[in-house]
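Raw input.cif, mmCIF, C-alpha atoms:
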```cif
data_final
loop_
_atom_site.label_atom_id
_atom_site.label_comp_id
_atom_site.auth_asym_id
_atom_site.auth_seq_id
_atom_site.Cartn_x
_atom_site.Cartn_y
_atom_site.Cartn_z
CA MET P 756 0.00 0.00 0.00
CA ARG P 757 1.34 3.35 -0.98
CA ILE P 758 1.36 5.58 2.05
CA GLY P 759 3.04 8.74 0.72
CA ARG P 760 4.84 10.18 -2.21
CA LYS P 761 8.55 10.56 -2.50
CA LYS P 762 9.59 14.11 -1.87
CA THR P 763 11.10 15.71 -4.93
CA GLU P 764 13.71 18.43 -4.64
CA THR P 765 12.88 21.81 -6.11
CA PRO P 766 15.27 22.64 -8.92
CA PRO P 767 17.43 25.68 -8.26
CA ALA P 768 16.44 29.00 -9.73
CA VAL P 769 18.14 29.99 -12.95
CA VAL P 770 19.40 33.54 -13.40
CA GLN P 771 19.83 34.21 -17.09
CA THR P 772 22.04 37.29 -16.77
CA ALA P 773 24.53 35.74 -14.33
CA ALA P 774 27.80 34.23 -15.52
CA GLN P 775 27.49 30.48 -15.01
CA GLY P 776 30.18 28.75 -13.01
CA ARG P 777 31.72 31.96 -11.69
CA LEU P 778 32.69 31.70 -8.05
CA ALA P 779 32.85 34.81 -5.94
CA VAL P 780 35.64 33.20 -3.96
CA SER P 781 37.96 33.80 -6.93
CA ASP P 782 38.04 37.50 -6.09
CA TYR P 783 38.99 36.78 -2.50
CA PRO P 784 42.81 37.22 -2.75
CA VAL P 785 42.30 40.69 -4.24
CA GLN P 786 40.01 41.56 -1.35
CA LEU P 787 42.68 40.54 1.18
CA TYR P 788 45.15 43.12 -0.14
CA ALA P 789 42.46 45.80 -0.07
CA TYR P 790 41.52 44.90 3.51
CA GLU P 791 45.13 45.33 4.66
CA LEU P 792 45.33 48.68 2.91
CA PHE P 793 42.11 49.94 4.50
CA GLU P 794 43.29 48.84 7.95
CA LYS P 795 46.52 50.77 7.46
CA VAL P 796 44.65 53.92 6.41
CA ARG P 797 42.48 53.78 9.50
CA ARG P 798 45.44 53.19 11.83
CA THR P 799 47.60 55.96 10.41
CA VAL P 800 45.04 58.73 9.79
CA PRO P 801 43.29 59.73 13.04
CA LEU P 802 40.61 61.67 11.14
CA VAL P 803 39.45 58.52 9.36
CA ASP P 804 39.29 56.53 12.58
CA ALA P 805 37.38 59.33 14.32
CA ALA P 806 34.87 59.58 11.44
CA ILE P 807 34.16 55.83 11.41
CA SER P 808 33.77 55.74 15.20
CA LYS P 809 31.44 58.73 14.97
CA LEU P 810 29.25 57.00 12.35
CA VAL P 811 29.01 53.88 14.52
CA ARG P 812 27.80 55.95 17.47
CA LEU P 813 25.44 58.08 15.37
CA ILE P 814 23.64 55.06 13.92
CA GLY P 815 21.65 55.11 17.14
CA SER P 816 19.75 52.50 19.09
CA PHE P 817 16.70 50.49 18.12
CA HIS P 818 13.84 48.45 19.50
CA VAL P 819 12.61 45.15 18.06
CA GLU P 820 8.84 44.77 18.16
CA CYS P 821 7.25 41.34 18.13
CA THR P 822 3.73 40.67 16.86
CA ASP P 823 3.19 38.24 19.73
CA PRO P 824 2.81 40.29 22.95
CA HIS P 825 3.52 37.23 25.11
CA MET P 826 7.01 36.86 23.55
CA GLN P 827 7.92 40.56 23.68
CA VAL P 828 9.39 40.53 27.20
CA GLN P 829 11.35 37.36 26.51
CA LEU P 830 12.69 38.77 23.23
CA ASP P 831 13.77 42.03 24.87
CA ARG P 832 15.65 40.13 27.55
CA PHE P 833 17.39 38.01 24.94
CA LEU P 834 18.51 41.04 22.93
CA ARG P 835 19.90 42.67 26.09
CA GLU P 836 21.65 39.63 27.53
CA VAL P 837 22.81 37.57 24.53
CA PRO P 838 26.60 36.95 24.73
CA VAL P 839 28.71 38.41 21.92
CA GLY P 840 32.11 36.83 21.53
CA LEU P 841 34.23 36.53 24.66
CA THR P 842 33.64 39.94 26.21
CA GLY P 843 30.55 41.51 24.60
CA GLN P 844 26.91 41.34 25.55
CA SER P 845 23.64 42.39 23.87
CA VAL P 846 22.72 42.61 20.23
CA TYR P 847 23.63 46.30 20.28
CA SER P 848 27.28 45.44 20.90
CA PHE P 849 27.15 42.96 18.02
CA VAL P 850 25.61 45.52 15.65
CA ASP P 851 28.27 48.12 16.52
CA SER P 852 31.14 45.77 15.61
CA TYR P 853 29.24 44.49 12.58
CA PHE P 854 28.64 48.03 11.30
CA ASP P 855 32.26 49.02 11.95
CA SER P 856 33.47 46.14 9.79
CA LEU P 857 30.94 47.03 7.09
CA LEU P 858 32.31 50.58 6.84
CA VAL P 859 36.00 49.71 6.87
CA TYR P 860 36.02 46.61 4.67
CA GLY P 861 32.78 47.01 2.74
CA ASN P 862 31.70 43.61 4.06
CA ALA P 863 30.63 42.29 7.45
CA VAL P 864 30.38 38.69 8.65
CA GLY P 865 28.66 37.37 11.76
CA GLU P 866 27.27 34.12 13.04
CA ILE P 867 24.31 33.06 15.15
CA VAL P 868 25.84 30.48 17.49
CA LEU P 869 23.55 27.66 18.63
CA ASP P 870 24.10 25.07 21.31
CA THR P 871 25.34 21.58 20.43
CA LYS P 872 21.77 20.31 20.05
CA GLY P 873 20.63 23.32 18.04
CA THR P 874 17.76 24.10 20.39
CA TYR P 875 18.52 27.69 21.44
CA VAL P 876 20.74 30.65 20.54
CA ALA P 877 23.87 30.49 22.70
CA GLY P 878 25.37 33.75 21.47
CA LEU P 879 26.52 35.89 18.57
CA TRP P 880 29.93 36.06 16.96
CA ASN P 881 31.56 38.85 14.93
CA GLY P 882 33.66 37.11 12.31
CA ARG P 883 36.65 38.46 10.43
CA VAL P 884 35.99 39.17 6.79
CA THR P 885 39.56 38.08 6.02
CA ASP P 886 38.73 34.52 7.10
CA VAL P 887 35.43 33.96 5.28
CA ALA P 888 34.87 33.92 1.53
CA VAL P 889 31.58 33.78 -0.35
CA ARG P 890 30.76 31.81 -3.46
CA ALA P 891 27.67 30.89 -5.43
CA GLY P 892 25.96 27.57 -4.83
CA ALA P 893 23.72 25.67 -7.22
CA SER P 894 22.37 29.02 -8.43
CA PRO P 895 23.59 32.63 -8.21
CA LEU P 896 20.90 33.24 -5.57
CA GLU P 897 22.31 30.55 -3.27
CA ARG P 898 25.26 31.57 -1.15
CA GLN P 899 27.89 29.30 0.29
CA TYR P 900 30.52 30.34 2.82
CA VAL P 901 34.07 29.08 2.85
CA LEU P 902 36.37 29.31 5.86
CA ARG P 903 39.96 29.85 4.77
CA LYS P 904 42.83 28.59 6.93
CA GLY P 905 46.05 29.32 5.13
CA ASP P 906 45.92 27.47 1.82
CA THR P 907 43.03 25.21 2.83
CA GLU P 908 39.32 25.87 2.39
CA GLN P 909 36.47 24.47 4.44
CA LEU P 910 32.83 24.75 3.38
CA LEU P 911 30.69 25.85 6.32
CA PRO P 912 27.92 23.29 6.92
CA HIS P 913 25.27 25.70 8.25
CA PRO P 914 25.08 28.75 5.97
CA GLU P 915 21.67 29.66 7.41
CA ARG P 916 23.43 30.77 10.60
CA ILE P 917 25.86 33.07 8.83
CA LEU P 918 25.15 36.79 8.60
CA PHE P 919 26.74 38.58 5.67
CA THR P 920 26.22 42.14 4.42
CA ALA P 921 27.92 43.90 1.51
CA LEU P 922 28.12 47.67 1.18
CA ARG P 923 27.19 48.86 -2.31
CA PRO P 924 28.38 45.78 -4.23
CA PRO P 925 28.90 46.29 -7.97
CA ASP P 926 26.40 44.90 -10.44
CA GLY P 927 26.72 41.13 -10.52
CA GLY P 928 29.24 41.17 -7.69
CA VAL P 929 29.14 39.75 -4.19
CA TYR P 930 31.71 41.69 -2.22
CA GLY P 931 30.95 45.26 -1.23
CA VAL P 932 32.95 48.45 -1.57
CA SER P 933 34.62 49.93 1.47
CA LEU P 934 33.80 53.44 2.61
CA LEU P 935 37.55 54.08 2.40
CA GLN P 936 37.72 53.17 -1.29
CA GLY P 937 39.83 55.79 -3.07
CA LEU P 938 41.20 57.33 0.13
CA PRO P 939 44.60 55.55 0.35
CA VAL P 940 46.05 57.86 -2.32
CA PHE P 941 45.04 61.03 -0.48
CA ALA P 942 46.00 59.51 2.86
CA GLY P 943 49.47 58.74 1.49
CA ILE P 944 49.97 62.34 0.35
CA LEU P 945 48.71 63.66 3.70
CA LEU P 946 51.11 61.41 5.63
CA ARG P 947 54.03 62.51 3.46
CA ILE P 948 53.23 66.16 4.24
CA TYR P 949 53.15 65.42 7.96
CA GLU P 950 56.39 63.46 7.70
CA CYS P 951 58.11 66.35 5.93
CA MET P 952 56.78 68.75 8.56
CA GLY P 953 58.34 66.61 11.28
CA GLN P 954 61.67 66.43 9.46
CA ASN P 955 61.72 70.18 8.91
CA PHE P 956 61.09 70.82 12.58
CA ASP P 957 63.84 68.36 13.46
CA ARG P 958 66.20 70.35 11.28
CA ALA P 959 65.02 73.92 11.86
CA GLY P 960 63.09 73.62 15.09
CA ASN P 961 66.12 72.38 17.02
CA ILE P 962 68.22 75.52 16.60
CA ARG P 963 71.90 75.05 15.77
CA TYR P 964 74.50 77.76 15.67
CA ALA P 965 77.44 78.50 13.38
CA VAL P 966 80.31 80.22 15.23
CA THR P 967 82.84 81.77 12.85
CA TYR P 968 86.15 83.27 13.97
CA ARG P 969 87.98 85.50 11.49
CA PRO P 970 91.56 86.33 12.49
CA SER P 971 92.96 89.69 11.52
CA ALA P 972 95.90 90.30 9.20
CA ASP P 973 98.24 90.62 12.21
CA PRO P 974 100.90 87.86 12.11
CA ALA P 975 100.35 87.24 15.85
CA ASP P 976 96.67 86.57 15.32
CA MET P 977 97.45 84.34 12.36
CA ALA P 978 99.93 82.35 14.46
CA TYR P 979 97.45 81.63 17.28
CA ALA P 980 94.29 81.32 15.12
CA GLY P 981 93.99 77.56 15.64
CA GLU P 982 94.35 77.75 19.41
CA ARG P 983 91.85 80.60 19.68
CA ALA P 984 89.35 78.70 17.53
CA LYS P 985 89.63 75.65 19.81
CA SER P 986 89.17 77.84 22.90
CA ILE P 987 86.10 79.53 21.41
CA ALA P 988 84.61 76.16 20.50
CA LYS P 989 85.25 74.80 24.00
CA GLU P 990 83.70 77.79 25.76
CA TRP P 991 80.70 77.79 23.44
CA SER P 992 80.10 74.07 23.98
CA GLU P 993 80.32 74.42 27.76
CA GLY P 994 77.92 77.38 27.70
CA MET P 995 75.34 75.44 25.66
CA GLN P 996 75.60 72.41 27.96
CA ALA P 997 75.17 74.63 31.01
CA ALA P 998 72.03 76.15 29.46
CA SER P 999 70.47 72.70 29.18
CA HIS P 1000 70.78 72.40 32.99
CA GLY P 1001 69.25 75.83 33.62
CA GLU P 1002 72.51 77.71 34.12
CA ILE P 1003 73.00 80.92 32.13
CA ARG P 1004 76.53 81.70 30.99
CA ASP P 1005 77.76 84.66 28.97
CA PHE P 1006 80.04 84.06 26.04
CA VAL P 1007 83.01 86.45 25.87
CA SER P 1008 85.34 86.45 22.91
CA VAL P 1009 88.16 88.57 21.51
CA GLY P 1010 88.43 89.32 17.83
CA ASP P 1011 86.03 89.07 14.93
CA VAL P 1012 83.56 86.36 15.97
CA ASP P 1013 80.26 85.88 14.09
CA ILE P 1014 77.42 83.76 15.55
CA ARG P 1015 74.43 82.85 13.36
CA VAL P 1016 71.56 80.41 13.45
CA ILE P 1017 71.90 77.72 10.81
CA GLY P 1018 68.97 77.86 8.39
CA ALA P 1019 67.47 81.05 9.86
CA GLU P 1020 67.05 82.53 6.39
CA ALA P 1021 64.97 79.58 5.15
CA GLN P 1022 61.20 79.60 5.74
CA MET P 1023 59.04 76.62 6.58
CA PRO P 1024 56.82 75.64 3.62
CA GLU P 1025 53.14 76.52 3.99
CA THR P 1026 51.04 73.40 4.61
CA GLU P 1027 47.66 74.74 5.75
CA ILE P 1028 46.09 74.97 2.28
CA PRO P 1029 47.23 71.57 0.90
CA VAL P 1030 46.37 69.80 4.16
CA ARG P 1031 42.89 71.30 4.17
CA GLN P 1032 42.33 70.31 0.54
CA LEU P 1033 43.26 66.72 1.37
CA LEU P 1034 41.04 66.68 4.44
CA GLU P 1035 38.14 67.98 2.35
CA GLN P 1036 38.58 65.04 -0.01
CA LEU P 1037 38.58 62.61 2.91
CA LEU P 1038 35.49 64.14 4.51
CA SER P 1039 33.59 64.22 1.21
CA LYS P 1040 33.89 60.44 1.05
CA LEU P 1041 33.18 59.83 4.73
CA SER P 1042 30.08 62.12 4.65
CA VAL P 1043 30.78 63.45 8.16
CA PRO P 1044 30.40 67.22 8.72
CA PRO P 1045 33.67 68.91 9.75
CA PHE P 1046 32.23 70.38 12.95
CA LEU P 1047 31.51 66.87 14.27
CA LEU P 1048 35.23 66.09 14.11
CA GLY P 1049 36.41 69.27 15.81
CA LEU P 1050 37.45 71.09 12.63
CA SER P 1051 36.69 74.79 13.06
CA TRP P 1052 36.17 75.57 9.40
CA SER P 1053 34.09 78.63 8.62
CA SER P 1054 30.54 77.60 7.77
CA THR P 1055 27.17 79.29 8.02
CA GLU P 1056 24.26 78.00 10.07
CA ARG P 1057 22.37 77.01 6.94
CA MET P 1058 25.38 75.10 5.59
CA SER P 1059 25.70 73.19 8.88
CA ALA P 1060 21.99 72.30 8.72
CA GLN P 1061 22.37 71.01 5.16
CA GLN P 1062 25.39 68.92 6.16
CA ALA P 1063 23.38 67.47 9.04
CA ASP P 1064 20.56 66.56 6.63
CA ILE P 1065 23.02 64.77 4.34
CA LEU P 1066 24.41 62.83 7.30
CA THR P 1067 20.87 61.87 8.34
CA SER P 1068 20.23 60.43 4.86
CA GLU P 1069 23.46 58.44 5.04
CA LEU P 1070 22.52 57.02 8.43
CA ASP P 1071 19.08 56.02 7.15
CA TYR P 1072 20.76 54.12 4.33
CA TYR P 1073 23.03 52.27 6.76
CA ARG P 1074 20.05 51.43 8.95
CA ARG P 1075 18.33 49.77 5.99
CA LEU P 1076 21.38 47.54 5.57
CA LEU P 1077 21.49 46.53 9.23
CA GLU P 1078 17.77 45.97 9.69
CA PRO P 1079 17.63 42.53 7.92
CA VAL P 1080 20.49 41.30 10.10
CA ILE P 1081 18.66 42.29 13.29
CA CYS P 1082 15.44 40.70 12.04
CA ARG P 1083 17.24 37.42 11.27
CA ILE P 1084 18.70 37.24 14.77
CA ALA P 1085 15.38 37.96 16.46
CA GLY P 1086 13.46 35.73 14.05
CA MET P 1087 15.72 32.71 14.61
CA TYR P 1088 15.43 33.14 18.37
CA LEU P 1089 11.63 33.18 18.18
CA GLN P 1090 11.57 30.15 15.87
CA LEU P 1091 13.70 28.13 18.27
CA CYS P 1092 11.31 29.16 21.03
CA GLY P 1093 8.44 27.70 19.00
CA SER P 1094 6.93 31.05 18.01
CA THR P 1095 5.87 32.04 14.51
CA ALA P 1096 5.60 35.74 15.34
CA ALA P 1097 7.06 38.34 13.00
CA VAL P 1098 9.43 41.08 14.11
CA ARG P 1099 9.96 44.69 13.11
CA VAL P 1100 12.81 47.06 13.94
CA HIS P 1101 12.02 50.57 15.21
CA TRP P 1102 14.99 52.94 15.21
CA ASP P 1103 15.32 55.81 17.62
CA PRO P 1104 15.21 59.31 16.11
CA ILE P 1105 18.65 60.53 15.11
CA ASN P 1106 18.06 63.86 16.84
CA LEU P 1107 15.18 66.01 18.01
CA GLN P 1108 15.83 68.68 15.40
CA ASP P 1109 14.96 66.31 12.57
CA GLU P 1110 11.67 65.37 14.26
CA VAL P 1111 10.75 69.04 14.71
CA GLU P 1112 11.51 69.82 11.06
CA LEU P 1113 9.44 66.84 9.88
CA ALA P 1114 6.54 67.91 12.07
CA GLN P 1115 6.72 71.47 10.71
CA ALA P 1116 6.82 70.14 7.15
CA ARG P 1117 3.67 68.03 7.76
CA LEU P 1118 1.97 71.07 9.31
CA HIS P 1119 2.79 73.26 6.32
CA ASN P 1120 1.57 70.58 3.90
CA ALA P 1121 -1.69 70.24 5.82
CA GLN P 1122 -2.19 74.02 5.82
CA ALA P 1123 -1.46 74.21 2.10
CA ALA P 1124 -3.94 71.39 1.40
CA GLU P 1125 -6.60 73.14 3.47
CA ILE P 1126 -6.08 76.43 1.62
CA GLU P 1127 -6.18 74.70 -1.76
CA ALA P 1128 -9.39 72.90 -0.77
CA GLY P 1129 -10.96 76.23 0.25
CA LEU P 1130 -10.00 77.87 -3.04
CA ALA P 1131 -11.32 75.02 -5.17
CA PRO P 1132 -14.52 75.94 -7.06
CA THR P 1133 -17.67 74.33 -5.78
CA PRO P 1134 -19.59 72.18 -8.31
#
```

File written out as structure tokens:
Amino acid sequence: MRIGRKKTETPPAVVQTAAQGRLAVSDYPVQLYAYELFEKVRRTVPLVDAAISKLVRLIGSFHVECTDPHMQVQLDRFLREVPVGLTGQSVYSFVDSYFDSLLVYGNAVGEIVLDTKGTYVAGLWNGRVTDVAVRAGASPLERQYVLRKGDTEQLLPHPERILFTALRPPDGGVYGVSLLQGLPVFAGILLRIYECMGQNFDRAGNIRYAVTYRPSADPADMAYAGERAKSIAKEWSEGMQAASHGEIRDFVSVGDVDIRVIGAEAQMPETEIPVRQLLEQLLSKLSVPPFLLGLSWSSTERMSAQQADILTSELDYYRRLLEPVICRIAGMYLQLCGSTAAVRVHWDPINLQDEVELAQARLHNAQAAEIEAGLAPTP
């Protein structure tokens, strides 16, 4: 007697415009060199590090709402107390590290860690994008993750637990583009300027003197010129050493003695304009207003408001990238708890000024609609 039918596997989806057989993991070695370069830029340019840290803090907090009121308290406790790595706690700590990696490398990798039986979420893990590569599975819409250990590759058995986000990936690509893309060239020029400034101050800032003794045409002076020069050099050296210990000594000499500062005629090259031009290029890519980084550049109140609006739009875009990750974490937790409830992420307002401006805009639109309705001809 035939009890049931044999389950047939659904054939994978076919994407006609995707290159067949192309593995995204083939681009991985190129990504490694770019990752090292971006790390170096962040370590060596304090402005870049400050801007990225500022964006991570400005992304704001959020609240996850569950459609099942009975699971809301349990979900909130899980999001507050879930372990993250060895030292972190709460999903907010995970999102901060995840977002930081997304900005620097253009990609972010995380994992939902389950217990050995797979019955509950034991914690969250922020992975290193340098250790995980992505490739297409049976179809371009199916992702597989490969863990790289030196020259070996290991296919991860549970891709459904992996969290991966790419920042503005190119058409048909998998890996994202770092926020620091294009900045290494300008950062290199900026560091060379600072290095030259340090060398110039080492040469000209530490004042050195040239003591010149010119003997007269008298044969007696010519005969003892060498001895007098040695005596002058000795007294000058002892006077300079005494000054380093706080003792003031006068230098007394006989004859034509000339004392000058070496390099006093040379002027230090002007660096304010080129440095500012380079910083403007960096900030234009980072989309952070100068006043948030302590740069006192002249700007009007209206210009500062427009820069704040641009930053708000950037933060809204980043929130849209992080929202699916948060929903997957909360959704998997509810599923393992036996709940089929849906979740939704509510972000806190970026600042009160934006809320006031939006409220005023709605008020003006309502007033305009009321006036237009009053002016409309009656049938």

If we count all atoms listed in the file, what is near Gly1093 of chain P at a cut-off of 12 Å, once residues fewer than 3 positions away on the same chain are taken out, given as a compact mmCIF listing (two decimals) with C-alpha atoms, keeping the file's coordinate frame?
```
# COMPACT_ATOMS: atom_id res chain seq x y z
CA ASP P 823 3.19 38.24 19.73
CA MET P 826 7.01 36.86 23.55
CA THR P 874 17.76 24.10 20.39
CA TYR P 875 18.52 27.69 21.44
CA GLY P 1086 13.46 35.73 14.05
CA MET P 1087 15.72 32.71 14.61
CA TYR P 1088 15.43 33.14 18.37
CA LEU P 1089 11.63 33.18 18.18
CA GLN P 1090 11.57 30.15 15.87
CA ALA P 1096 5.60 35.74 15.34
```

Find the axis-aligned box for segment 844-850 of chain P, covering all its listed atoms and adding 8 Å on each side, and write its centre and edge lengths in Å to one decimal as lines of an AutoDock Vina configuration file.
```
center_x = 25.0
center_y = 43.8
center_z = 20.6
size_x = 20.6
size_y = 21.0
size_z = 25.9
```

Near segment 842-858 of chain P, counting only C-alpha atoms, which residues have an atom at most 7 Å away, once you skip same-chain residues fewer than 3 positions from it, shown as a short mmCIF file (atom, residue, chain, number, x, y, z; two decimals) with C-alpha atoms, in the coordinates of the input?
```cif
data_model
loop_
_atom_site.label_atom_id
_atom_site.label_comp_id
_atom_site.auth_asym_id
_atom_site.auth_seq_id
_atom_site.Cartn_x
_atom_site.Cartn_y
_atom_site.Cartn_z
CA VAL P 811 29.01 53.88 14.52
CA LEU P 834 18.51 41.04 22.93
CA ARG P 835 19.90 42.67 26.09
CA GLU P 836 21.65 39.63 27.53
CA VAL P 837 22.81 37.57 24.53
CA PRO P 838 26.60 36.95 24.73
CA VAL P 839 28.71 38.41 21.92
CA GLY P 861 32.78 47.01 2.74
CA ASN P 862 31.70 43.61 4.06
CA ALA P 863 30.63 42.29 7.45
CA ASN P 881 31.56 38.85 14.93
CA LEU P 922 28.12 47.67 1.18
CA SER P 933 34.62 49.93 1.47
CA LEU P 934 33.80 53.44 2.61
#
```

Provide the atom CA of Val887 of chain P to atom CA of Leu902 of chain P distance in Å, to one decimal place. 4.8 Å

Quick one: everything within 10 Å of Lys1040 of chain P, counting all atoms listed in the file, minus sequence neighbours fewer than 5 positions away in the same chain. Send it as a PyMOL selection string. chain P and resi 934-938+1035

Residue by residue, what does the PyMOL selection byres ((chain P and resi 984) around 10) grab here? Present the result as an MDAnalysis selection string. chainID P and resid 966:970 979:983 985:989 1012

Could you tell me how far atom CA of Arg1075 of chain P sits from atom CA of Arg797 of chain P, in Å to one decimal place? 24.7 Å

Is there a way to complete segment 900-917 of chain P with N, CA, C and O atoms and then write that out as an mmCIF file, in the frame of the given file?
```cif
data_model
loop_
_atom_site.group_PDB
_atom_site.id
_atom_site.type_symbol
_atom_site.label_atom_id
_atom_site.label_comp_id
_atom_site.auth_asym_id
_atom_site.auth_seq_id
_atom_site.Cartn_x
_atom_site.Cartn_y
_atom_site.Cartn_z
ATOM 1 N N TYR P 900 29.444 29.657 2.110
ATOM 2 C CA TYR P 900 30.520 30.340 2.820
ATOM 3 C C TYR P 900 31.676 29.372 3.031
ATOM 4 O O TYR P 900 31.475 28.219 3.416
ATOM 5 N N VAL P 901 32.856 29.882 2.771
ATOM 6 C CA VAL P 901 34.070 29.080 2.850
ATOM 7 C C VAL P 901 34.982 29.695 3.908
ATOM 8 O O VAL P 901 35.262 30.894 3.874
ATOM 9 N N LEU P 902 35.426 28.880 4.847
ATOM 10 C CA LEU P 902 36.370 29.310 5.860
ATOM 11 C C LEU P 902 37.775 28.992 5.380
ATOM 12 O O LEU P 902 38.099 27.838 5.087
ATOM 13 N N ARG P 903 38.603 30.013 5.292
ATOM 14 C CA ARG P 903 39.960 29.850 4.770
ATOM 15 C C ARG P 903 40.941 29.810 5.927
ATOM 16 O O ARG P 903 40.976 30.693 6.775
ATOM 17 N N LYS P 904 41.753 28.752 5.962
ATOM 18 C CA LYS P 904 42.830 28.590 6.930
ATOM 19 C C LYS P 904 44.116 28.343 6.176
ATOM 20 O O LYS P 904 44.433 27.219 5.787
ATOM 21 N N GLY P 905 44.841 29.434 5.941
ATOM 22 C CA GLY P 905 46.050 29.320 5.130
ATOM 23 C C GLY P 905 45.708 29.014 3.693
ATOM 24 O O GLY P 905 44.991 29.756 3.022
ATOM 25 N N ASP P 906 46.191 27.879 3.197
ATOM 26 C CA ASP P 906 45.920 27.470 1.820
ATOM 27 C C ASP P 906 44.740 26.501 1.724
ATOM 28 O O ASP P 906 44.403 26.058 0.622
ATOM 29 N N THR P 907 44.144 26.157 2.837
ATOM 30 C CA THR P 907 43.030 25.210 2.830
ATOM 31 C C THR P 907 41.701 25.953 2.901
ATOM 32 O O THR P 907 41.619 27.064 3.437
ATOM 33 N N GLU P 908 40.664 25.312 2.378
ATOM 34 C CA GLU P 908 39.320 25.870 2.390
ATOM 35 C C GLU P 908 38.363 24.846 2.991
ATOM 36 O O GLU P 908 38.467 23.650 2.716
ATOM 37 N N GLN P 909 37.448 25.333 3.797
ATOM 38 C CA GLN P 909 36.470 24.470 4.440
ATOM 39 C C GLN P 909 35.079 25.061 4.246
ATOM 40 O O GLN P 909 34.818 26.196 4.649
ATOM 41 N N LEU P 910 34.195 24.302 3.629
ATOM 42 C CA LEU P 910 32.830 24.750 3.380
ATOM 43 C C LEU P 910 32.044 24.696 4.690
ATOM 44 O O LEU P 910 31.990 23.655 5.358
ATOM 45 N N LEU P 911 31.447 25.806 5.072
ATOM 46 C CA LEU P 911 30.690 25.850 6.320
ATOM 47 C C LEU P 911 29.386 25.076 6.164
ATOM 48 O O LEU P 911 28.635 25.291 5.206
ATOM 49 N N PRO P 912 29.085 24.183 7.105
ATOM 50 C CA PRO P 912 27.920 23.290 6.920
ATOM 51 C C PRO P 912 26.582 23.951 7.192
ATOM 52 O O PRO P 912 25.550 23.417 6.779
ATOM 53 N N HIS P 913 26.545 25.073 7.904
ATOM 54 C CA HIS P 913 25.270 25.700 8.250
ATOM 55 C C HIS P 913 25.270 27.156 7.755
ATOM 56 O O HIS P 913 25.443 28.096 8.547
ATOM 57 N N PRO P 914 25.076 27.368 6.481
ATOM 58 C CA PRO P 914 25.080 28.750 5.970
ATOM 59 C C PRO P 914 23.895 29.572 6.463
ATOM 60 O O PRO P 914 23.941 30.798 6.431
ATOM 61 N N GLU P 915 22.833 28.915 6.935
ATOM 62 C CA GLU P 915 21.670 29.660 7.410
ATOM 63 C C GLU P 915 21.972 30.420 8.708
ATOM 64 O O GLU P 915 21.237 31.344 9.071
ATOM 65 N N ARG P 916 23.049 30.071 9.383
ATOM 66 C CA ARG P 916 23.430 30.770 10.600
ATOM 67 C C ARG P 916 24.391 31.929 10.358
ATOM 68 O O ARG P 916 24.692 32.673 11.280
ATOM 69 N N ILE P 917 24.876 32.041 9.149
ATOM 70 C CA ILE P 917 25.860 33.070 8.830
ATOM 71 C C ILE P 917 25.152 34.357 8.438
ATOM 72 O O ILE P 917 24.173 34.345 7.677
#
```
